[in-house]
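For reference, my_file14.pdb (PDB, C-alpha atoms):
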```
MODEL        1
ATOM      1  CA  MET A   1      45.539  52.100 -63.051  1.00  0.00           C
ATOM      2  CA  ILE A   2      45.737  49.356 -60.394  1.00  0.00           C
ATOM      3  CA  PRO A   3      45.942  49.387 -56.571  1.00  0.00           C
ATOM      4  CA  ILE A   4      49.449  49.840 -55.203  1.00  0.00           C
ATOM      5  CA  ASN A   5      48.644  46.860 -52.979  1.00  0.00           C
ATOM      6  CA  TYR A   6      47.643  44.643 -55.908  1.00  0.00           C
ATOM      7  CA  GLN A   7      48.946  41.405 -54.392  1.00  0.00           C
ATOM      8  CA  TYR A   8      45.714  40.262 -52.742  1.00  0.00           C
ATOM      9  CA  PRO A   9      43.553  40.899 -55.848  1.00  0.00           C
ATOM     10  CA  LEU A  10      46.122  39.082 -58.014  1.00  0.00           C
ATOM     11  CA  SER A  11      46.193  36.144 -55.590  1.00  0.00           C
ATOM     12  CA  ALA A  12      42.396  35.964 -55.889  1.00  0.00           C
ATOM     13  CA  VAL A  13      42.749  35.857 -59.694  1.00  0.00           C
ATOM     14  CA  ILE A  14      45.086  32.839 -59.458  1.00  0.00           C
ATOM     15  CA  TYR A  15      42.642  31.028 -57.177  1.00  0.00           C
ATOM     16  CA  ARG A  16      39.795  31.703 -59.617  1.00  0.00           C
ATOM     17  CA  ILE A  17      41.760  30.345 -62.586  1.00  0.00           C
ATOM     18  CA  LEU A  18      42.574  27.186 -60.645  1.00  0.00           C
ATOM     19  CA  GLU A  19      38.987  26.845 -59.510  1.00  0.00           C
ATOM     20  CA  ALA A  20      37.667  27.067 -63.061  1.00  0.00           C
ATOM     21  CA  ALA A  21      39.704  23.961 -63.933  1.00  0.00           C
ATOM     22  CA  ASP A  22      39.575  22.044 -60.653  1.00  0.00           C
ATOM     23  CA  SER A  23      37.352  23.471 -57.925  1.00  0.00           C
ATOM     24  CA  ASN A  24      38.386  20.788 -55.419  1.00  0.00           C
ATOM     25  CA  TYR A  25      42.088  21.631 -55.763  1.00  0.00           C
ATOM     26  CA  ALA A  26      41.474  25.392 -55.583  1.00  0.00           C
ATOM     27  CA  ARG A  27      39.234  24.983 -52.529  1.00  0.00           C
ATOM     28  CA  PHE A  28      41.889  22.831 -50.888  1.00  0.00           C
ATOM     29  CA  LEU A  29      44.539  25.515 -51.472  1.00  0.00           C
ATOM     30  CA  HIS A  30      42.307  28.327 -50.210  1.00  0.00           C
ATOM     31  CA  ASP A  31      40.652  26.652 -47.213  1.00  0.00           C
ATOM     32  CA  THR A  32      43.136  24.038 -46.067  1.00  0.00           C
ATOM     33  CA  GLY A  33      46.502  24.055 -47.784  1.00  0.00           C
ATOM     34  CA  TYR A  34      49.131  21.470 -46.966  1.00  0.00           C
ATOM     35  CA  ARG A  35      49.456  20.721 -43.259  1.00  0.00           C
ATOM     36  CA  GLN A  36      51.197  18.081 -41.125  1.00  0.00           C
ATOM     37  CA  GLN A  37      48.333  17.500 -38.695  1.00  0.00           C
ATOM     38  CA  GLU A  38      44.903  18.967 -37.995  1.00  0.00           C
ATOM     39  CA  GLY A  39      45.207  22.340 -36.282  1.00  0.00           C
ATOM     40  CA  GLN A  40      48.797  22.959 -37.407  1.00  0.00           C
ATOM     41  CA  LYS A  41      50.045  25.685 -39.772  1.00  0.00           C
ATOM     42  CA  SER A  42      49.191  25.058 -43.421  1.00  0.00           C
ATOM     43  CA  PHE A  43      51.096  26.027 -46.556  1.00  0.00           C
ATOM     44  CA  LYS A  44      49.640  26.938 -49.956  1.00  0.00           C
ATOM     45  CA  LEU A  45      52.906  26.131 -51.795  1.00  0.00           C
ATOM     46  CA  PHE A  46      52.595  28.691 -54.553  1.00  0.00           C
ATOM     47  CA  THR A  47      53.755  32.263 -54.930  1.00  0.00           C
ATOM     48  CA  PHE A  48      54.175  34.986 -57.544  1.00  0.00           C
ATOM     49  CA  SER A  49      56.500  37.871 -58.303  1.00  0.00           C
ATOM     50  CA  ASP A  50      55.997  41.607 -58.454  1.00  0.00           C
ATOM     51  CA  ILE A  51      54.376  42.753 -61.678  1.00  0.00           C
ATOM     52  CA  ARG A  52      57.167  43.808 -64.020  1.00  0.00           C
ATOM     53  CA  VAL A  53      56.110  46.920 -65.939  1.00  0.00           C
ATOM     54  CA  PRO A  54      57.117  50.602 -65.930  1.00  0.00           C
ATOM     55  CA  PHE A  55      54.809  52.570 -63.648  1.00  0.00           C
ATOM     56  CA  SER A  56      54.334  55.793 -61.759  1.00  0.00           C
ATOM     57  CA  ILE A  57      52.816  56.123 -58.273  1.00  0.00           C
ATOM     58  CA  LYS A  58      49.639  58.168 -57.969  1.00  0.00           C
ATOM     59  CA  GLY A  59      48.694  58.148 -54.286  1.00  0.00           C
ATOM     60  CA  ASP A  60      47.666  54.571 -53.508  1.00  0.00           C
ATOM     61  CA  ARG A  61      47.499  53.647 -57.235  1.00  0.00           C
ATOM     62  CA  LEU A  62      50.032  52.426 -59.764  1.00  0.00           C
ATOM     63  CA  GLN A  63      49.626  53.925 -63.217  1.00  0.00           C
ATOM     64  CA  LEU A  64      51.072  51.430 -65.692  1.00  0.00           C
ATOM     65  CA  LYS A  65      53.214  53.020 -68.412  1.00  0.00           C
ATOM     66  CA  ALA A  66      53.456  50.176 -70.949  1.00  0.00           C
ATOM     67  CA  PRO A  67      50.953  48.024 -72.843  1.00  0.00           C
ATOM     68  CA  GLU A  68      52.454  44.743 -71.604  1.00  0.00           C
ATOM     69  CA  ALA A  69      53.400  43.451 -68.150  1.00  0.00           C
ATOM     70  CA  ALA A  70      54.946  40.205 -66.907  1.00  0.00           C
ATOM     71  CA  VAL A  71      54.618  38.191 -63.718  1.00  0.00           C
ATOM     72  CA  THR A  72      56.257  34.945 -62.575  1.00  0.00           C
ATOM     73  CA  VAL A  73      53.999  32.385 -60.882  1.00  0.00           C
ATOM     74  CA  SER A  74      55.515  29.384 -59.085  1.00  0.00           C
ATOM     75  CA  PHE A  75      53.681  26.207 -58.040  1.00  0.00           C
ATOM     76  CA  HIS A  76      55.033  23.200 -56.195  1.00  0.00           C
ATOM     77  CA  LEU A  77      53.473  20.652 -58.520  1.00  0.00           C
ATOM     78  CA  PRO A  78      54.799  17.605 -60.386  1.00  0.00           C
ATOM     79  CA  ARG A  79      56.697  18.379 -63.593  1.00  0.00           C
ATOM     80  CA  ALA A  80      53.958  16.483 -65.452  1.00  0.00           C
ATOM     81  CA  ALA A  81      51.518  19.263 -64.499  1.00  0.00           C
ATOM     82  CA  GLU A  82      53.507  21.887 -66.445  1.00  0.00           C
ATOM     83  CA  ASN A  83      51.365  21.706 -69.592  1.00  0.00           C
ATOM     84  CA  PHE A  84      48.207  21.615 -67.470  1.00  0.00           C
ATOM     85  CA  ILE A  85      49.182  24.871 -65.726  1.00  0.00           C
ATOM     86  CA  ARG A  86      50.206  26.523 -68.991  1.00  0.00           C
ATOM     87  CA  GLY A  87      46.839  25.628 -70.509  1.00  0.00           C
ATOM     88  CA  LEU A  88      44.949  27.021 -67.504  1.00  0.00           C
ATOM     89  CA  PHE A  89      46.451  30.479 -67.813  1.00  0.00           C
ATOM     90  CA  MET A  90      46.804  30.861 -71.575  1.00  0.00           C
ATOM     91  CA  ASN A  91      44.290  33.227 -73.252  1.00  0.00           C
ATOM     92  CA  GLN A  92      42.598  34.139 -69.964  1.00  0.00           C
ATOM     93  CA  GLN A  93      41.241  37.615 -69.384  1.00  0.00           C
ATOM     94  CA  ILE A  94      41.864  38.693 -65.805  1.00  0.00           C
ATOM     95  CA  GLU A  95      41.112  41.776 -63.762  1.00  0.00           C
ATOM     96  CA  ILE A  96      43.017  43.414 -60.920  1.00  0.00           C
ATOM     97  CA  ALA A  97      40.602  45.561 -58.994  1.00  0.00           C
ATOM     98  CA  ASP A  98      39.477  47.008 -55.696  1.00  0.00           C
ATOM     99  CA  LYS A  99      36.670  49.431 -54.785  1.00  0.00           C
ATOM    100  CA  ARG A 100      38.428  52.374 -56.483  1.00  0.00           C
ATOM    101  CA  SER A 101      39.864  51.057 -59.741  1.00  0.00           C
ATOM    102  CA  ARG A 102      39.605  48.140 -62.125  1.00  0.00           C
ATOM    103  CA  ALA A 103      41.973  47.063 -64.888  1.00  0.00           C
ATOM    104  CA  PHE A 104      41.639  44.189 -67.371  1.00  0.00           C
ATOM    105  CA  PHE A 105      44.506  42.158 -68.816  1.00  0.00           C
ATOM    106  CA  ASN A 106      44.653  39.526 -71.556  1.00  0.00           C
ATOM    107  CA  ILE A 107      47.219  36.780 -70.966  1.00  0.00           C
ATOM    108  CA  SER A 108      49.011  36.605 -74.298  1.00  0.00           C
ATOM    109  CA  GLN A 109      51.989  34.357 -73.527  1.00  0.00           C
ATOM    110  CA  VAL A 110      52.820  31.666 -70.951  1.00  0.00           C
ATOM    111  CA  GLU A 111      56.274  30.086 -70.794  1.00  0.00           C
ATOM    112  CA  ALA A 112      57.987  27.702 -68.394  1.00  0.00           C
ATOM    113  CA  LEU A 113      61.185  29.044 -66.829  1.00  0.00           C
ATOM    114  CA  PRO A 114      64.223  26.849 -66.049  1.00  0.00           C
ATOM    115  CA  SER A 115      64.683  26.073 -62.358  1.00  0.00           C
ATOM    116  CA  GLY A 116      68.474  26.221 -62.590  1.00  0.00           C
ATOM    117  CA  LEU A 117      68.722  22.842 -60.862  1.00  0.00           C
ATOM    118  CA  SER A 118      70.980  20.109 -62.180  1.00  0.00           C
ATOM    119  CA  GLY A 119      70.641  16.369 -61.697  1.00  0.00           C
ATOM    120  CA  GLU A 120      73.051  16.303 -58.761  1.00  0.00           C
ATOM    121  CA  GLU A 121      71.607  15.266 -55.409  1.00  0.00           C
ATOM    122  CA  VAL A 122      73.240  18.145 -53.479  1.00  0.00           C
ATOM    123  CA  GLN A 123      73.821  21.499 -55.155  1.00  0.00           C
ATOM    124  CA  GLU A 124      74.134  25.235 -54.544  1.00  0.00           C
ATOM    125  CA  LEU A 125      72.207  28.118 -56.109  1.00  0.00           C
ATOM    126  CA  LEU A 126      72.286  31.904 -55.920  1.00  0.00           C
ATOM    127  CA  LEU A 127      68.713  33.235 -55.831  1.00  0.00           C
ATOM    128  CA  GLN A 128      67.253  36.736 -55.812  1.00  0.00           C
ATOM    129  CA  PRO A 129      63.850  37.842 -54.524  1.00  0.00           C
ATOM    130  CA  LEU A 130      61.372  38.677 -57.291  1.00  0.00           C
ATOM    131  CA  SER A 131      59.002  40.048 -54.642  1.00  0.00           C
ATOM    132  CA  PRO A 132      59.567  41.176 -51.028  1.00  0.00           C
ATOM    133  CA  VAL A 133      60.695  38.476 -48.612  1.00  0.00           C
ATOM    134  CA  ILE A 134      58.663  38.581 -45.386  1.00  0.00           C
ATOM    135  CA  CYS A 135      60.625  37.214 -42.441  1.00  0.00           C
ATOM    136  CA  GLY A 136      58.771  37.329 -39.120  1.00  0.00           C
ATOM    137  CA  LYS A 137      59.217  36.169 -35.564  1.00  0.00           C
ATOM    138  CA  LYS A 138      56.197  35.888 -33.254  1.00  0.00           C
ATOM    139  CA  ASN A 139      56.259  38.233 -30.243  1.00  0.00           C
ATOM    140  CA  GLU A 140      54.474  37.911 -26.883  1.00  0.00           C
ATOM    141  CA  ARG A 141      51.260  39.294 -28.450  1.00  0.00           C
ATOM    142  CA  SER A 142      51.355  36.548 -31.117  1.00  0.00           C
ATOM    143  CA  ASN A 143      52.016  39.164 -33.781  1.00  0.00           C
ATOM    144  CA  TYR A 144      54.992  39.131 -36.117  1.00  0.00           C
ATOM    145  CA  ASP A 145      58.045  41.312 -35.646  1.00  0.00           C
ATOM    146  CA  PHE A 146      59.379  41.676 -39.198  1.00  0.00           C
ATOM    147  CA  LEU A 147      63.119  41.115 -39.512  1.00  0.00           C
ATOM    148  CA  PRO A 148      65.491  42.724 -42.056  1.00  0.00           C
ATOM    149  CA  PRO A 149      68.192  40.656 -43.833  1.00  0.00           C
ATOM    150  CA  GLU A 150      70.838  42.174 -41.516  1.00  0.00           C
ATOM    151  CA  HIS A 151      69.089  40.776 -38.413  1.00  0.00           C
ATOM    152  CA  PRO A 152      70.964  37.885 -36.735  1.00  0.00           C
ATOM    153  CA  GLU A 153      67.811  35.720 -36.778  1.00  0.00           C
ATOM    154  CA  PHE A 154      66.807  36.446 -40.386  1.00  0.00           C
ATOM    155  CA  ILE A 155      68.369  33.270 -41.794  1.00  0.00           C
ATOM    156  CA  SER A 156      67.307  31.016 -38.925  1.00  0.00           C
ATOM    157  CA  GLN A 157      63.670  32.110 -39.353  1.00  0.00           C
ATOM    158  CA  LEU A 158      63.769  31.560 -43.129  1.00  0.00           C
ATOM    159  CA  MET A 159      65.381  28.160 -42.589  1.00  0.00           C
ATOM    160  CA  TYR A 160      62.702  27.217 -40.032  1.00  0.00           C
ATOM    161  CA  ASN A 161      59.923  28.101 -42.476  1.00  0.00           C
ATOM    162  CA  TRP A 162      61.632  26.165 -45.315  1.00  0.00           C
ATOM    163  CA  LYS A 163      62.106  23.126 -43.071  1.00  0.00           C
ATOM    164  CA  GLU A 164      58.464  23.161 -41.924  1.00  0.00           C
ATOM    165  CA  LYS A 165      57.290  23.173 -45.543  1.00  0.00           C
ATOM    166  CA  TYR A 166      59.591  20.252 -46.302  1.00  0.00           C
ATOM    167  CA  ARG A 167      58.323  18.282 -43.304  1.00  0.00           C
ATOM    168  CA  THR A 168      54.730  18.933 -44.376  1.00  0.00           C
ATOM    169  CA  ILE A 169      55.339  17.495 -47.859  1.00  0.00           C
ATOM    170  CA  TYR A 170      57.916  14.776 -47.261  1.00  0.00           C
ATOM    171  CA  GLY A 171      57.392  13.860 -43.604  1.00  0.00           C
ATOM    172  CA  ASP A 172      61.055  13.603 -42.551  1.00  0.00           C
ATOM    173  CA  ALA A 173      62.868  16.931 -42.511  1.00  0.00           C
ATOM    174  CA  GLU A 174      66.006  15.656 -40.773  1.00  0.00           C
ATOM    175  CA  THR A 175      67.194  13.447 -43.635  1.00  0.00           C
ATOM    176  CA  GLY A 176      66.188  15.914 -46.325  1.00  0.00           C
ATOM    177  CA  PHE A 177      67.796  18.877 -44.570  1.00  0.00           C
ATOM    178  CA  GLU A 178      71.104  17.411 -43.449  1.00  0.00           C
ATOM    179  CA  ASP A 179      72.866  19.309 -46.278  1.00  0.00           C
ATOM    180  CA  ALA A 180      70.667  22.423 -46.236  1.00  0.00           C
ATOM    181  CA  ASP A 181      72.196  25.852 -45.685  1.00  0.00           C
ATOM    182  CA  MET A 182      71.401  29.467 -46.524  1.00  0.00           C
ATOM    183  CA  GLU A 183      73.192  32.813 -46.304  1.00  0.00           C
ATOM    184  CA  VAL A 184      72.450  36.395 -47.321  1.00  0.00           C
ATOM    185  CA  VAL A 185      74.603  37.916 -50.057  1.00  0.00           C
ATOM    186  CA  PHE A 186      74.393  41.705 -49.984  1.00  0.00           C
ATOM    187  CA  TYR A 187      74.760  44.153 -52.859  1.00  0.00           C
ATOM    188  CA  ALA A 188      76.821  47.331 -52.489  1.00  0.00           C
ATOM    189  CA  ASN A 189      73.567  49.132 -51.649  1.00  0.00           C
ATOM    190  CA  PRO A 190      71.678  47.893 -48.562  1.00  0.00           C
ATOM    191  CA  PRO A 191      68.411  45.910 -48.790  1.00  0.00           C
ATOM    192  CA  ARG A 192      65.294  48.002 -49.363  1.00  0.00           C
ATOM    193  CA  SER A 193      62.241  47.827 -47.110  1.00  0.00           C
ATOM    194  CA  ARG A 194      58.663  47.807 -48.412  1.00  0.00           C
ATOM    195  CA  LEU A 195      55.509  48.147 -46.334  1.00  0.00           C
ATOM    196  CA  LEU A 196      52.571  46.329 -47.941  1.00  0.00           C
ATOM    197  CA  THR A 197      48.906  45.994 -47.051  1.00  0.00           C
ATOM    198  CA  ILE A 198      46.928  42.782 -47.472  1.00  0.00           C
ATOM    199  CA  LYS A 199      43.127  43.129 -47.836  1.00  0.00           C
ATOM    200  CA  ALA A 200      43.443  46.924 -47.831  1.00  0.00           C
ATOM    201  CA  ASN A 201      40.438  48.977 -46.652  1.00  0.00           C
ATOM    202  CA  SER A 202      38.701  45.973 -45.075  1.00  0.00           C
ATOM    203  CA  ASP A 203      38.161  44.650 -41.555  1.00  0.00           C
ATOM    204  CA  GLN A 204      40.895  42.061 -42.252  1.00  0.00           C
ATOM    205  CA  GLU A 205      43.487  44.650 -43.320  1.00  0.00           C
ATOM    206  CA  THR A 206      47.007  43.503 -42.418  1.00  0.00           C
ATOM    207  CA  LYS A 207      50.238  45.456 -42.834  1.00  0.00           C
ATOM    208  CA  ILE A 208      53.431  43.498 -43.481  1.00  0.00           C
ATOM    209  CA  ARG A 209      57.026  44.549 -44.097  1.00  0.00           C
ATOM    210  CA  GLY A 210      59.310  42.821 -46.562  1.00  0.00           C
ATOM    211  CA  PHE A 211      62.732  43.338 -48.097  1.00  0.00           C
ATOM    212  CA  VAL A 212      64.289  43.213 -51.565  1.00  0.00           C
ATOM    213  CA  ASN A 213      67.703  44.087 -53.080  1.00  0.00           C
ATOM    214  CA  PHE A 214      69.737  41.177 -51.708  1.00  0.00           C
ATOM    215  CA  ARG A 215      70.414  37.591 -52.724  1.00  0.00           C
ATOM    216  CA  LEU A 216      70.267  34.208 -51.019  1.00  0.00           C
ATOM    217  CA  LYS A 217      72.977  31.591 -51.474  1.00  0.00           C
ATOM    218  CA  VAL A 218      71.249  28.283 -50.787  1.00  0.00           C
ATOM    219  CA  ARG A 219      72.596  24.746 -50.602  1.00  0.00           C
ATOM    220  CA  GLY A 220      70.727  21.491 -50.193  1.00  0.00           C
ATOM    221  CA  LYS A 221      69.290  18.389 -51.742  1.00  0.00           C
ATOM    222  CA  ARG A 222      67.533  18.804 -55.066  1.00  0.00           C
ATOM    223  CA  GLU A 223      63.996  18.219 -53.757  1.00  0.00           C
ATOM    224  CA  ALA A 224      64.494  20.714 -50.905  1.00  0.00           C
ATOM    225  CA  LEU A 225      65.802  23.403 -53.281  1.00  0.00           C
ATOM    226  CA  GLU A 226      62.969  22.698 -55.722  1.00  0.00           C
ATOM    227  CA  LEU A 227      60.446  23.200 -52.918  1.00  0.00           C
ATOM    228  CA  LEU A 228      62.021  26.533 -51.945  1.00  0.00           C
ATOM    229  CA  ILE A 229      61.992  27.842 -55.535  1.00  0.00           C
ATOM    230  CA  ASN A 230      58.453  26.622 -56.227  1.00  0.00           C
ATOM    231  CA  SER A 231      56.788  27.794 -53.016  1.00  0.00           C
ATOM    232  CA  GLY A 232      58.832  30.859 -52.018  1.00  0.00           C
ATOM    233  CA  ALA A 233      60.858  31.960 -49.009  1.00  0.00           C
ATOM    234  CA  GLY A 234      59.453  33.269 -45.735  1.00  0.00           C
ATOM    235  CA  LEU A 235      55.828  34.170 -44.991  1.00  0.00           C
ATOM    236  CA  TYR A 236      52.738  35.205 -47.009  1.00  0.00           C
ATOM    237  CA  ASN A 237      53.884  33.352 -50.139  1.00  0.00           C
ATOM    238  CA  ALA A 238      50.353  32.864 -51.494  1.00  0.00           C
ATOM    239  CA  GLN A 239      49.963  36.667 -51.282  1.00  0.00           C
ATOM    240  CA  GLY A 240      52.871  37.123 -53.676  1.00  0.00           C
ATOM    241  CA  MET A 241      55.723  37.365 -51.176  1.00  0.00           C
ATOM    242  CA  GLY A 242      59.117  35.652 -51.233  1.00  0.00           C
ATOM    243  CA  CYS A 243      59.079  34.634 -54.907  1.00  0.00           C
ATOM    244  CA  LEU A 244      62.606  33.618 -55.925  1.00  0.00           C
ATOM    245  CA  GLY A 245      64.461  33.450 -59.230  1.00  0.00           C
ATOM    246  CA  LEU A 246      67.984  32.656 -60.347  1.00  0.00           C
ATOM    247  CA  ALA A 247      70.332  35.576 -59.720  1.00  0.00           C
ATOM    248  CA  LYS A 248      71.762  37.037 -62.899  1.00  0.00           C
TER     249      LYS A 248
ENDMDL
END
```
Encoded form (structure tokens):
Amino acid sequence: MIPINYQYPLSAVIYRILEAADSNYARFLHDTGYRQQEGQKSFKLFTFSDIRVPFSIKGDRLQLKAPEAAVTVSFHLPRAAENFIRGLFMNQQIEIADKRSRAFFNISQVEALPSGLSGEEVQELLLQPLSPVICGKKNERSNYDFLPPEHPEFISQLMYNWKEKYRTIYGDAETGFEDADMEVVFYANPPRSRLLTIKANSDQETKIRGFVNFRLKVRGKREALELLINSGAGLYNAQGMGCLGLAK
């Protein structure tokens, strides 16, 4: 049994695993992140998917119905760090818990997934959300209005977020984004909305709304696409939102 809003506890687990190996890097991710200049928005540049396991909903709990579960974790790190990351997570025992329930998991297998990118400088991919995509636009109260994929500003807001991440890492977003493009590809059934709570039952509780059940056709230079896949689309990526995988 785990909290239905397990994303924040799972994010904390990832931070702890990183901190055990490199406390300076973990502290940088948690406290600072990547930012262009002091005082500007920072980016953690990692994300993770929904937990993939059969479950039933019991109030505000998920009762897991299988002995094994899987989750995809994406980091924007050099390819040389792949073995380092695999070693960090392998054979760890982790817990997903809040004040009401606590569950322990043993990590039994870690494997690297193909990015789907070729060696070409400019390419196109079809991606699907592995966790809800949070697309928000600030209102006059400085809060986010959450936008569905059908909204006319959905793509422009996702593109803005992607471009800001690119500028933070590479400095010049104009050259790197001259070929960048994105569009929503809908299924026969409309996108599904999910309301999630970050830091549930605390003074910092925040409710966010995301969407799944659609795809994103993206085009751009290899390093820009790699950044999008590794760090996620939209907002709240380090809380497990906007994780992307190759569409089947």
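Among the candidates A:Phe46, A:Asp98, A:Gln93, A:Ser231, the residue lying nearest to Ser202 of chain A is A:Asp98 (atoms considered: all atoms listed in the file).
Atom to atom, atom CA of Met159 of chain A and atom CA of Glu178 of chain A stand 12.2 Å apart.
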As number ranges by chain, please: the residues near segment 211-224 of chain A (cut-off 9 Å, only C-alpha atoms, same-chain neighbours under 2 positions excluded).
A: 117-135, 147-149, 162-163, 166, 176-187, 189-195, 209, 226-229, 247
Padded axis-aligned box of segment 101-114 of chain A (3 Å per side), centre and edge lengths, Å, one decimal, as JSON:
```
{"center_x": 51.9, "center_y": 39.0, "center_z": -67.0, "size_x": 30.6, "size_y": 30.2, "size_z": 20.6}
```
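Closest approach to Ala233 of chain A from the set A:Arg61, A:Lys138, A:Lys165, A:Arg52 is made by A:Lys165, with distances taken over all atoms listed in the file.
With distances restricted to all atoms listed in the file, A:Ile94 is the closest residue to Tyr15 of chain A from A:Ala188, A:Ile94, A:Val110, A:Leu246.
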Pick from A:Gly240, A:Gly232, A:Gly136, A:Gly245, whichever lies nearest to His76 of chain A using all atoms listed in the file
A:Gly232
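By chain and then residue number, the residues within 9 Å of segment 3-6 of chain A are Pro9, Leu10, Ser11, Ile57, Lys58, Gly59, Asp60, Arg61, Leu62, Gln63, Ile96, Ala97, Asp98, Arg100, Ser101, Arg102, Leu196, Thr197, Ile198, Lys199 and Ala200 of chain A, counting only C-alpha atoms and disregarding those fewer than 3 positions away in sequence.
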So which one's closest to Ser108 of chain A, A:Leu45, A:Leu77, A:Ala70, A:Met1? Using all atoms listed in the file, please.
A:Ala70
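Atom to atom, atom CA of Phe105 of chain A and atom CA of Ile2 of chain A stand 11.1 Å apart.
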Go ahead and compute the interatomic distance for atom CA of Gln204 of chain A and atom CA of Ala69 of chain A, in Å to one decimal.
28.8 Å
Sel. within 7 Å of pt (52.1, 36.7, -54.3), counting only C-alpha atoms, output as a list of chain:residue names:
A:Gln7, A:Ser11, A:Thr47, A:Phe48, A:Ser49, A:Asn237, A:Ala238, A:Gln239, A:Gly240, A:Met241
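You can rank A:Ser56, A:Ala103, A:Leu244, A:Glu153 by their closest distance to Leu225 of chain A using all atoms listed in the file, and at the top of that list sits A:Leu244.
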For the structure provided, state which residues fall under the PyMOL selection byres ((chain A and resi 107) around 6), and present them as JSON, numbers by chain.
{"A": [90, 91, 92, 106, 108, 109]}
Mind writing the picked residues with C-alpha atoms as a PDB file, keeping the file's coordinate frame?
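In the end it all went to selection.pdb:
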```pdb
ATOM      1  CA  MET A  90      46.804  30.861 -71.575  1.00  0.00           C
ATOM      2  CA  ASN A  91      44.290  33.227 -73.252  1.00  0.00           C
ATOM      3  CA  GLN A  92      42.598  34.139 -69.964  1.00  0.00           C
ATOM      4  CA  ASN A 106      44.653  39.526 -71.556  1.00  0.00           C
ATOM      5  CA  SER A 108      49.011  36.605 -74.298  1.00  0.00           C
ATOM      6  CA  GLN A 109      51.989  34.357 -73.527  1.00  0.00           C
TER       7      GLN A 109
END
```
Would you kindly translate the PyMOL selection byres ((chain A and resi 85) around 10) into the concrete residues it picks from this file, as a ChimeraX atom specification?
/A:17-18,21,75,77,80-84,86-90,110,112
